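One structure is given here, and the rest of the page talks about it.
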Amino acid sequence: MNDGLKDGKAKSREYGGLTSESRVDLDRCLDGARQSGACAISAALLVGMLLVPVGAQAKSACEALQDVRLGDVTITKAVEQPAGILTLEDNRKIEALPGFCRVVGRIKPGADSDIGFEMWIPPSDGWNGKALVVGTGGYEGVIRYDELAPGLRRGYATISVDSGHEDKAGYRNETLDWGVGHPDKIADWAYRSIHAAAVTSRAIIQAFAQREPAHNYYFGCSTGGGQGMAAVQRIPKTSTVSLQARLATIAAR
């Protein structure tokens with residue numbers, strides 16, 4: 001286990017509500033994927049046609065992502081983040097990060113959908129060739145920076161979604177007002193945001209690295225586990241990613 005990951009594990013409580021038990025599950029999944037192929041089921045996901053404007057060639061591969069057209073995906077930010085400390089918009093700090101391409105955007109698979117996502121992509125010399133999608137917890141509507149960071153440190157191109165709504169009250173203090181009268185948002189939280197993240201991550205990697213990832217993985221605990229299993233059941237193409245899901249309940253079958 002590298003020093004960066006050890007440091008990241010010690011600081012994980014600063015970034016979100018991921019429990020130490022869940023942190024161990026994520027470590028095992030990533031270790032197994034790297035060393036033995038455990039939790040591995042890999043194949044291609046269908047992605048839309050990528051259209052890159054001519055002017056994008058003058059930009060770095062990371063910056064050019066903001067000009068990429070991906071159907072129902074809008075990329076609002078694509079910036080090169082230097083190694084060291086990342087200060088988030090709410091002034092939280094994440095330390096000991098390698099340099100990476102930080103991609104922020106929205107996904108709209110349904111008429112009333114608005115799924116926020118963030119993807120961290122290592123540079124070509126630090127990328128292990130694999131992609132990782134992470135789930136959420138409870139009814140939270142937040143990006144899981146506590147899971148983006150360890151995935152990046154291990155060389156994974158990692159994506160997190162906010163489940164399709166914003167609820168920053170904190171784990172176990174969330175409200176469900178966002179779902180009243182909004183069936184699209186309920187579907188996005190239950191499973192569709194995970195499928196959208198898997199498809200979007202592959203398309204972004206293809207645009208960034210000019211090749212598909214060698215393997216695709218998913219990690220989720222509790223609600224995140226249910227989201228992954230529900231996505232596989234309801235949208236079978238999602239099952240082409242590797243699945244590590246620690247389940248508390250599966251709300252959708």
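Residue numbering restarts at 1 in every chain; chains get A, B, ... in the order shown in the structure tokens, and ligands count up from 1 in that same order.
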For the contact check between region 155-221 of chain A and region 90-102 of chain A, emit one row per residue of region 155-221 of chain A within 10 Å, containing the shortest atom pair and the distance in Å rounded to one decimal, counting only C-alpha atoms, chain then rising number order, as CSV.
```
residue,atom,partner,partner_atom,distance
A:Gly155,CA,A:Pro98,CA,9.2
A:Ala157,CA,A:Phe100,CA,9.3
A:Phe208,CA,A:Cys101,CA,9.4
```
Could you write out that same residue set with N, CA and C atoms as a compact mmCIF listing (two decimals), in the first residue's frame?
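Output file again_4.txt is given in full below:
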```txt
# COMPACT_ATOMS: atom_id res chain seq x y z
N GLY A 155 -4.43 5.49 -8.76
CA GLY A 155 -4.27 5.52 -10.21
C GLY A 155 -5.53 5.31 -11.01
N ALA A 157 -9.10 6.44 -12.73
CA ALA A 157 -9.93 7.57 -13.17
C ALA A 157 -11.27 7.38 -12.48
N PHE A 208 -10.31 11.93 -23.42
CA PHE A 208 -9.09 12.40 -22.77
C PHE A 208 -7.87 11.59 -23.19
```
Distance table requested - region 151-240 of chain A against region 106-116 of chain A, cut-off 7 Å, only C-alpha atoms: one row per qualifying residue with the closest atom pair and its distance in Å to one decimal, ordered by chain and rising residue number, as CSV.
```
residue,atom,partner,partner_atom,distance
A:Val161,CA,A:Gly116,CA,5.6
A:Asp162,CA,A:Gly116,CA,5.4
A:Ser163,CA,A:Ile115,CA,6.1
A:Gly164,CA,A:Ile115,CA,3.8
A:His165,CA,A:Ile115,CA,6.6
A:Asp184,CA,A:Asp112,CA,5.6
A:Lys185,CA,A:Ser113,CA,5.9
A:Ser193,CA,A:Ile115,CA,6.7
```
To one decimal place in Å, what is the distance between CA of Gly220 (chain A) and CA of Gly126 (chain A)? 24.1 Å
Option closest in space to Asp188 (chain A), from A:Thr175, A:Gln206, A:Gln227, A:Thr200 [counting only C-alpha atoms]: A:Gln227
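Note that CA of Tyr218 (chain A) and CA of Glu63 (chain A) are 26.1 Å apart.
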Among region 101-214 of chain A, which residues carry a DSSP assignment of helix (DSSP H, G or I), reported as a count of residues only? 39
Contacts of Ile235 (chain A) at 9 Å or less, counting only C-alpha atoms, minus same-chain residues fewer than 5 places along, as an NGL selection string? :A and (191-192 or 195 or 230)
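Closest to Gly141 (chain A) among A:Val103, A:Val79, A:Val180, A:Ile186 is A:Ile186, based on only C-alpha atoms.
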Run DSSP on the backbone and tell me which residues of region 46-235 of chain A come out as strand (DSSP E); list them as a ChimeraX atom specification. /A:73-81,84-87,93-97,100-107,115-121,130-134,157-161,215-221
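The interatomic distance for the pair CA of Glu147 (chain A) and CA of Val133 (chain A) works out to 9.5 Å.
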